[in-house]
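Trainee: Sending over protein-v1.pdb (PDB, C-alpha atoms, pLDDT in the B column).
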ATOM      1  CA  MET M   5     -70.563-111.591 -68.990  1.00 95.00           C
ATOM      2  CA  ALA M   6     -72.580-112.078 -65.814  1.00 97.00           C
ATOM      3  CA  HIS M   7     -74.244-115.157 -67.325  1.00 97.00           C
ATOM      4  CA  ALA M   8     -70.825-116.567 -68.300  1.00 97.00           C
ATOM      5  CA  VAL M   9     -69.628-116.145 -64.701  1.00 97.00           C
ATOM      6  CA  GLU M  10     -72.806-117.798 -63.427  1.00 97.00           C
ATOM      7  CA  GLN M  11     -72.296-120.774 -65.728  1.00 97.00           C
ATOM      8  CA  ALA M  12     -68.649-121.124 -64.691  1.00 97.00           C
ATOM      9  CA  ILE M  13     -69.298-121.310 -60.930  1.00 97.00           C
ATOM     10  CA  VAL M  14     -68.683-124.783 -59.530  1.00 97.00           C
ATOM     11  CA  PRO M  15     -68.668-126.083 -55.925  1.00 96.00           C
ATOM     12  CA  ALA M  16     -64.918-125.471 -55.678  1.00 97.00           C
ATOM     13  CA  THR M  17     -65.219-121.799 -56.707  1.00 97.00           C
ATOM     14  CA  ARG M  18     -64.117-119.531 -53.846  1.00 97.00           C
ATOM     15  CA  VAL M  19     -62.856-116.373 -55.578  1.00 97.00           C
ATOM     16  CA  VAL M  20     -63.958-114.585 -58.722  1.00 98.00           C
ATOM     17  CA  ALA M  21     -61.403-111.936 -59.744  1.00 98.00           C
ATOM     18  CA  ILE M  22     -62.309-109.542 -62.540  1.00 97.00           C
ATOM     19  CA  THR M  23     -61.100-106.327 -64.120  1.00 97.00           C
ATOM     20  CA  TRP M  24     -63.508-103.392 -64.031  1.00 97.00           C
ATOM     21  CA  VAL M  25     -62.198-101.825 -67.262  1.00 96.00           C
ATOM     22  CA  HIS M  26     -59.995-103.840 -69.607  1.00 94.00           C
ATOM     23  CA  SER M  27     -56.877-101.900 -70.558  1.00 89.00           C
ATOM     24  CA  SER M  28     -56.522-103.621 -73.943  1.00 89.00           C
ATOM     25  CA  THR M  29     -60.038-102.843 -75.216  1.00 91.00           C
ATOM     26  CA  GLY M  30     -61.534-100.230 -72.917  1.00 92.00           C
ATOM     27  CA  VAL M  31     -64.512-102.537 -72.289  1.00 95.00           C
ATOM     28  CA  LYS M  32     -66.200-101.964 -68.921  1.00 96.00           C
ATOM     29  CA  THR M  33     -67.412-105.114 -67.197  1.00 96.00           C
ATOM     30  CA  PRO M  34     -70.806-105.216 -65.427  1.00 97.00           C
ATOM     31  CA  VAL M  35     -69.415-105.504 -61.899  1.00 97.00           C
ATOM     32  CA  ARG M  36     -72.787-105.038 -60.197  1.00 97.00           C
ATOM     33  CA  ALA M  37     -74.461-107.713 -62.319  1.00 98.00           C
ATOM     34  CA  ILE M  38     -71.620-110.135 -61.604  1.00 98.00           C
ATOM     35  CA  ALA M  39     -71.821-109.266 -57.893  1.00 98.00           C
ATOM     36  CA  ASP M  40     -75.534-110.087 -57.945  1.00 98.00           C
ATOM     37  CA  VAL M  41     -74.838-113.458 -59.575  1.00 98.00           C
ATOM     38  CA  ILE M  42     -72.270-114.274 -56.897  1.00 98.00           C
ATOM     39  CA  ALA M  43     -74.575-113.070 -54.120  1.00 97.00           C
ATOM     40  CA  ALA M  44     -77.270-115.427 -55.410  1.00 97.00           C
ATOM     41  CA  ALA M  45     -74.782-118.310 -55.460  1.00 97.00           C
ATOM     42  CA  ASN M  46     -73.732-117.469 -51.898  1.00 97.00           C
ATOM     43  CA  THR M  47     -77.303-117.872 -50.620  1.00 97.00           C
ATOM     44  CA  ARG M  48     -76.871-121.584 -51.289  1.00 96.00           C
ATOM     45  CA  ARG M  49     -73.568-121.797 -49.406  1.00 96.00           C
ATOM     46  CA  THR M  50     -72.463-121.718 -45.806  1.00 95.00           C
ATOM     47  CA  PRO M  51     -70.522-118.589 -44.757  1.00 91.00           C
ATOM     48  CA  ASP M  52     -67.204-120.450 -44.699  1.00 90.00           C
ATOM     49  CA  ARG M  53     -67.710-121.496 -48.339  1.00 95.00           C
ATOM     50  CA  ARG M  54     -68.861-118.169 -49.714  1.00 95.00           C
ATOM     51  CA  ILE M  55     -67.415-116.844 -52.950  1.00 97.00           C
ATOM     52  CA  TRP M  56     -65.473-113.594 -52.851  1.00 97.00           C
ATOM     53  CA  LEU M  57     -65.652-111.064 -55.676  1.00 98.00           C
ATOM     54  CA  CYS M  58     -62.344-109.208 -56.107  1.00 98.00           C
ATOM     55  CA  VAL M  59     -62.052-106.310 -58.552  1.00 98.00           C
ATOM     56  CA  ASP M  60     -59.026-104.740 -60.216  1.00 97.00           C
ATOM     57  CA  GLY M  61     -60.462-101.262 -60.644  1.00 96.00           C
ATOM     58  CA  VAL M  62     -57.504 -99.152 -61.725  1.00 94.00           C
ATOM     59  CA  HIS M  63     -58.910 -98.019 -65.097  1.00 94.00           C
ATOM     60  CA  GLY M  64     -62.325 -97.088 -63.698  1.00 94.00           C
ATOM     61  CA  PHE M  65     -61.343 -95.618 -60.330  1.00 95.00           C
ATOM     62  CA  GLY M  66     -61.576 -91.842 -60.523  1.00 94.00           C
ATOM     63  CA  VAL M  67     -63.623 -91.991 -63.739  1.00 95.00           C
ATOM     64  CA  GLU M  68     -66.945 -93.565 -62.846  1.00 95.00           C
ATOM     65  CA  ASP M  69     -69.471 -91.890 -60.567  1.00 95.00           C
ATOM     66  CA  VAL M  70     -70.065 -94.902 -58.313  1.00 94.00           C
ATOM     67  CA  ALA M  71     -69.410 -95.944 -54.731  1.00 92.00           C
ATOM     68  CA  MET M  72     -68.243 -99.311 -53.427  1.00 92.00           C
ATOM     69  CA  ALA M  73     -71.819-100.091 -52.410  1.00 92.00           C
ATOM     70  CA  ASP M  74     -72.873 -99.608 -56.054  1.00 95.00           C
ATOM     71  CA  LEU M  75     -70.332-102.163 -57.265  1.00 96.00           C
ATOM     72  CA  GLY M  76     -71.179-104.812 -54.661  1.00 96.00           C
ATOM     73  CA  CYS M  77     -67.715-106.389 -54.632  1.00 97.00           C
ATOM     74  CA  ASP M  78     -65.899-107.807 -51.606  1.00 97.00           C
ATOM     75  CA  PHE M  79     -62.429-106.424 -52.285  1.00 96.00           C
ATOM     76  CA  PHE M  80     -61.395-103.600 -54.604  1.00 96.00           C
ATOM     77  CA  VAL M  81     -57.825-102.696 -55.526  1.00 95.00           C
ATOM     78  CA  ALA M  82     -56.705 -99.778 -57.676  1.00 95.00           C
ATOM     79  CA  GLY M  83     -53.658 -97.691 -58.375  1.00 93.00           C
ATOM     80  CA  THR M  84     -54.173 -93.984 -57.757  1.00 94.00           C
ATOM     81  CA  HIS M  85     -51.638 -92.616 -60.219  1.00 92.00           C
ATOM     82  CA  LYS M  86     -54.047 -92.737 -63.158  1.00 91.00           C
ATOM     83  CA  TRP M  87     -57.426 -90.978 -62.971  1.00 92.00           C
ATOM     84  CA  VAL M  88     -57.041 -89.848 -59.364  1.00 93.00           C
ATOM     85  CA  PHE M  89     -53.797 -88.097 -60.414  1.00 92.00           C
ATOM     86  CA  GLY M  90     -51.872 -89.280 -57.382  1.00 92.00           C
ATOM     87  CA  PRO M  91     -48.127 -90.035 -57.424  1.00 92.00           C
ATOM     88  CA  ARG M  92     -46.896 -93.143 -59.192  1.00 88.00           C
ATOM     89  CA  GLY M  93     -46.599 -96.184 -56.975  1.00 85.00           C
ATOM     90  CA  THR M  94     -49.627 -95.332 -54.847  1.00 88.00           C
ATOM     91  CA  GLY M  95     -52.903 -97.217 -54.601  1.00 89.00           C
ATOM     92  CA  VAL M  96     -55.833 -98.238 -52.451  1.00 89.00           C
ATOM     93  CA  ILE M  97     -57.271-101.479 -51.129  1.00 89.00           C
ATOM     94  CA  TRP M  98     -60.899-101.517 -50.033  1.00 92.00           C
ATOM     95  CA  GLY M  99     -62.572-104.528 -48.470  1.00 92.00           C
ATOM     96  CA  ARG M 100     -65.703-105.442 -46.567  1.00 92.00           C
ATOM     97  CA  ALA M 101     -65.047-105.055 -42.853  1.00 88.00           C
ATOM     98  CA  GLU M 102     -66.287-108.537 -42.002  1.00 89.00           C
ATOM     99  CA  LEU M 103     -63.926-110.186 -44.517  1.00 90.00           C
ATOM    100  CA  TRP M 104     -60.596-108.661 -43.459  1.00 86.00           C
ATOM    101  CA  PRO M 105     -60.067-111.263 -40.702  1.00 82.00           C
ATOM    102  CA  MET M 106     -60.007-113.950 -43.398  1.00 83.00           C
ATOM    103  CA  LEU M 107     -56.810-112.491 -44.897  1.00 80.00           C
ATOM    104  CA  ARG M 108     -53.191-112.959 -43.907  1.00 74.00           C
ATOM    105  CA  PRO M 109     -50.442-110.620 -45.137  1.00 72.00           C
ATOM    106  CA  THR M 110     -47.753-112.173 -47.327  1.00 74.00           C
ATOM    107  CA  ILE M 111     -45.244-109.745 -45.841  1.00 71.00           C
ATOM    108  CA  PRO M 112     -46.422-108.461 -42.436  1.00 65.00           C
ATOM    109  CA  ALA M 113     -46.086-104.841 -41.474  1.00 65.00           C
ATOM    110  CA  PHE M 114     -42.990-103.954 -39.465  1.00 62.00           C
ATOM    111  CA  GLY M 115     -43.062-101.847 -36.330  1.00 54.00           C
ATOM    112  CA  ARG M 116     -46.638-102.802 -35.463  1.00 52.00           C
ATOM    113  CA  SER M 117     -48.242-105.428 -33.270  1.00 53.00           C
ATOM    114  CA  SER M 118     -48.395-107.752 -36.275  1.00 50.00           C
ATOM    115  CA  TYR M 119     -44.604-107.679 -36.469  1.00 51.00           C
ATOM    116  CA  ALA M 120     -44.313-109.229 -33.009  1.00 53.00           C
ATOM    117  CA  GLY M 121     -46.836-111.868 -34.003  1.00 58.00           C
ATOM    118  CA  TRP M 122     -44.837-112.641 -37.134  1.00 59.00           C
ATOM    119  CA  LEU M 123     -41.689-113.206 -35.078  1.00 62.00           C
ATOM    120  CA  ARG M 124     -43.600-115.563 -32.795  1.00 65.00           C
ATOM    121  CA  GLY M 125     -44.774-117.546 -35.802  1.00 63.00           C
ATOM    122  CA  GLY M 126     -48.408-116.503 -35.577  1.00 62.00           C
ATOM    123  CA  LEU M 127     -50.174-113.519 -37.090  1.00 60.00           C
ATOM    124  CA  GLU M 128     -53.187-111.720 -35.755  1.00 62.00           C
ATOM    125  CA  PRO M 129     -56.115-111.587 -38.215  1.00 62.00           C
ATOM    126  CA  ALA M 130     -55.967-108.616 -40.570  1.00 63.00           C
ATOM    127  CA  THR M 131     -58.537-105.932 -39.879  1.00 66.00           C
ATOM    128  CA  THR M 132     -57.483-103.150 -42.246  1.00 69.00           C
ATOM    129  CA  ALA M 133     -55.446-102.629 -45.406  1.00 69.00           C
ATOM    130  CA  ASP M 134     -52.755-101.004 -43.241  1.00 69.00           C
ATOM    131  CA  VAL M 135     -51.878-104.395 -41.761  1.00 69.00           C
ATOM    132  CA  MET M 136     -51.363-105.710 -45.301  1.00 71.00           C
ATOM    133  CA  THR M 137     -48.675-103.109 -46.044  1.00 71.00           C
ATOM    134  CA  PRO M 138     -45.099-104.503 -46.064  1.00 70.00           C
ATOM    135  CA  GLY M 139     -42.507-103.050 -43.754  1.00 66.00           C
ATOM    136  CA  GLY M 140     -39.422-101.085 -44.621  1.00 68.00           C
ATOM    137  CA  PHE M 141     -39.055 -97.463 -45.703  1.00 73.00           C
ATOM    138  CA  HIS M 142     -42.061 -96.046 -47.526  1.00 74.00           C
ATOM    139  CA  SER M 143     -42.443 -93.055 -49.818  1.00 78.00           C
ATOM    140  CA  PHE M 144     -44.384 -91.069 -47.260  1.00 82.00           C
ATOM    141  CA  GLU M 145     -44.391 -87.917 -49.395  1.00 87.00           C
ATOM    142  CA  HIS M 146     -46.286 -89.877 -52.056  1.00 87.00           C
ATOM    143  CA  ARG M 147     -48.835 -91.106 -49.527  1.00 83.00           C
ATOM    144  CA  TRP M 148     -49.305 -87.637 -48.086  1.00 88.00           C
ATOM    145  CA  ALA M 149     -49.840 -86.226 -51.585  1.00 92.00           C
ATOM    146  CA  LEU M 150     -52.787 -88.564 -52.098  1.00 92.00           C
ATOM    147  CA  GLY M 151     -54.904 -86.493 -49.728  1.00 92.00           C
ATOM    148  CA  GLU M 152     -54.540 -83.516 -52.057  1.00 93.00           C
ATOM    149  CA  ALA M 153     -55.369 -85.672 -55.075  1.00 94.00           C
ATOM    150  CA  PHE M 154     -58.592 -86.976 -53.542  1.00 94.00           C
ATOM    151  CA  GLU M 155     -59.560 -83.491 -52.333  1.00 95.00           C
ATOM    152  CA  PHE M 156     -59.079 -82.159 -55.878  1.00 94.00           C
ATOM    153  CA  GLN M 157     -61.481 -84.798 -57.185  1.00 94.00           C
ATOM    154  CA  ARG M 158     -64.022 -84.028 -54.471  1.00 94.00           C
ATOM    155  CA  GLU M 159     -63.920 -80.295 -55.210  1.00 96.00           C
ATOM    156  CA  ILE M 160     -64.785 -80.937 -58.853  1.00 96.00           C
ATOM    157  CA  GLY M 161     -67.381 -83.586 -58.014  1.00 96.00           C
ATOM    158  CA  LYS M 162     -67.544 -87.218 -59.151  1.00 94.00           C
ATOM    159  CA  ALA M 163     -70.508 -86.617 -61.463  1.00 96.00           C
ATOM    160  CA  GLN M 164     -68.756 -83.751 -63.251  1.00 97.00           C
ATOM    161  CA  VAL M 165     -65.523 -85.726 -63.582  1.00 96.00           C
ATOM    162  CA  ALA M 166     -67.364 -88.732 -65.043  1.00 95.00           C
ATOM    163  CA  ALA M 167     -69.375 -86.598 -67.476  1.00 96.00           C
ATOM    164  CA  ARG M 168     -66.287 -84.794 -68.768  1.00 96.00           C
ATOM    165  CA  ILE M 169     -64.126 -87.882 -69.199  1.00 95.00           C
ATOM    166  CA  HIS M 170     -66.897 -89.782 -70.974  1.00 95.00           C
ATOM    167  CA  ALA M 171     -67.585 -86.788 -73.247  1.00 96.00           C
ATOM    168  CA  LEU M 172     -63.925 -86.575 -74.244  1.00 95.00           C
ATOM    169  CA  ASN M 173     -63.777 -90.313 -74.905  1.00 94.00           C
ATOM    170  CA  ARG M 174     -66.923 -90.208 -77.054  1.00 94.00           C
ATOM    171  CA  ARG M 175     -65.321 -87.468 -79.125  1.00 95.00           C
ATOM    172  CA  CYS M 176     -62.148 -89.515 -79.478  1.00 94.00           C
ATOM    173  CA  LYS M 177     -64.072 -92.649 -80.493  1.00 94.00           C
ATOM    174  CA  ASP M 178     -66.202 -90.711 -82.981  1.00 94.00           C
ATOM    175  CA  GLY M 179     -63.046 -89.390 -84.609  1.00 94.00           C
ATOM    176  CA  LEU M 180     -61.303 -92.763 -84.688  1.00 93.00           C
ATOM    177  CA  ALA M 181     -64.399 -94.381 -86.206  1.00 91.00           C
ATOM    178  CA  THR M 182     -64.118 -92.126 -89.283  1.00 93.00           C
ATOM    179  CA  MET M 183     -60.581 -93.256 -90.093  1.00 93.00           C
ATOM    180  CA  LYS M 184     -60.484 -96.094 -92.617  1.00 92.00           C
ATOM    181  CA  HIS M 185     -57.129 -97.413 -91.399  1.00 93.00           C
ATOM    182  CA  ILE M 186     -58.278 -97.648 -87.769  1.00 93.00           C
ATOM    183  CA  THR M 187     -60.392-100.375 -86.151  1.00 92.00           C
ATOM    184  CA  LEU M 188     -62.000 -99.078 -82.972  1.00 92.00           C
ATOM    185  CA  LEU M 189     -62.028-101.757 -80.261  1.00 92.00           C
ATOM    186  CA  THR M 190     -63.809 -99.797 -77.533  1.00 94.00           C
ATOM    187  CA  PRO M 191     -67.633 -99.693 -77.497  1.00 93.00           C
ATOM    188  CA  HIS M 192     -69.243 -96.273 -78.013  1.00 91.00           C
ATOM    189  CA  ARG M 193     -71.800 -96.725 -75.243  1.00 92.00           C
ATOM    190  CA  ASP M 194     -70.892 -95.214 -71.861  1.00 92.00           C
ATOM    191  CA  ASP M 195     -72.264 -98.226 -69.979  1.00 92.00           C
ATOM    192  CA  LEU M 196     -69.847-100.477 -71.884  1.00 94.00           C
ATOM    193  CA  SER M 197     -66.751 -98.262 -71.793  1.00 94.00           C
ATOM    194  CA  SER M 198     -64.998 -95.897 -69.430  1.00 93.00           C
ATOM    195  CA  GLY M 199     -62.098 -93.474 -69.599  1.00 90.00           C
ATOM    196  CA  SER M 200     -59.896 -95.087 -72.219  1.00 89.00           C
ATOM    197  CA  SER M 201     -60.229 -95.789 -75.928  1.00 90.00           C
ATOM    198  CA  SER M 202     -58.434 -98.561 -77.754  1.00 91.00           C
ATOM    199  CA  SER M 203     -57.973 -99.100 -81.473  1.00 91.00           C
ATOM    200  CA  ARG M 204     -55.968-101.153 -83.929  1.00 89.00           C
ATOM    201  CA  TRP M 205     -54.135 -99.739 -86.922  1.00 88.00           C
ATOM    202  CA  ARG M 206     -54.597-101.437 -90.294  1.00 80.00           C
ATOM    203  CA  ALA M 207     -52.021-101.196 -93.078  1.00 67.00           C
TER     204      ALA M 207
END
Could I get this file's structure written as structure tokens?
Mentor:
Amino acid sequence: MAHAVEQAIVPATRVVAITWVHSSTGVKTPVRAIADVIAAANTRRTPDRRIWLCVDGVHGFGVEDVAMADLGCDFFVAGTHKWVFGPRGTGVIWGRAELWPMLRPTIPAFGRSSYAGWLRGGLEPATTADVMTPGGFHSFEHRWALGEAFEFQREIGKAQVAARIHALNRRCKDGLATMKHITLLTPHRDDLSSGSSSSRWRA
């Protein structure tokens, strides 16, 4: 996959957006290897022409025992209602601090300094994900509940969570593989799969 990305990069390439774990197959993409390919390509570019690596991480976030530094991406977005066990409709956006000023919110936040800038026809550069949050009434009780969800994960420990989820998925895949009417789509190997298993039923 990393080689395919490398071969596809052209001078006009500015963003590479990938999914960490594919929901339809359970295949886990090599984010770090792809990040390294893009980093190598960026050494031959000026800063204003650098390529950004953006990751949809919803099916791996809360499963894998990694940090953002391990992935090497520029922006990471994930819902938190899956493996983090937060309320539905909640999520996180992580980005490299030096890249936030390159972004502009589609819908600026209300009630903040950016709101005044929006009314004047000019927005201040974004510096955090908070500035990228639209205005209006928010489900604050859902946001507040996220703190408890993350604390629950921390109490268990990321390594223990990852080991348990992968063990359960290996057991599921082993069982599915014995069924003649089932085609398992998800790889058995932990480095190629994550917290979900996908299969196809055959008549």
Trainee: Show me, as a list in words, the residues that have an atom within 10 Å of range 171-180 of chain M when counting all atoms listed in the file, minus same-chain residues fewer than 2 positions from it.
Mentor: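 The neighbour list is Val165, Ala166, Ala167, Arg168, Ile169, Thr182, Met183, Lys184, His185, Ile186, Thr187, Leu188, Leu189, Thr190, Pro191, His192, Arg193, Asp194, Ser197, Ser198, Gly199, Ser200, Ser201, Ser202, Ser203 and Arg204 of chain M.
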Trainee: I need the output of the PyMOL selection byres ((chain M and resi 11-24) around 9) for this file as a list of chain:residue names; which residues are they?
Mentor: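 Those residues are M:Ala6, M:His7, M:Ala8, M:Val9, M:Glu10, M:Val25, M:His26, M:Ser27, M:Val31, M:Lys32, M:Thr33, M:Pro34, M:Val35, M:Ile42, M:Ala45, M:Arg53, M:Arg54, M:Ile55, M:Trp56, M:Leu57, M:Cys58, M:Val59, M:Asp60, M:Gly61, M:Val62, M:His63, M:Gly64, M:Phe65.
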Trainee: What is the distance between CA of Ala153 in chain M and CA of Ala82 in chain M, in Å to one decimal?
Mentor: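 Between these atoms lies a distance of 14.4 Å.
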Trainee: When you count all atoms listed in the file, which of these residues is closest to Thr110 in chain M: M:Ser28, M:Gln164, M:Thr94, M:Thr137?
Mentor: M:Thr137
Trainee: By how many Å are CA of Met106 in chain M and CA of Thr50 in chain M apart?
Mentor: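 CA of Met106 in chain M sits 14.9 Å away from CA of Thr50 in chain M.
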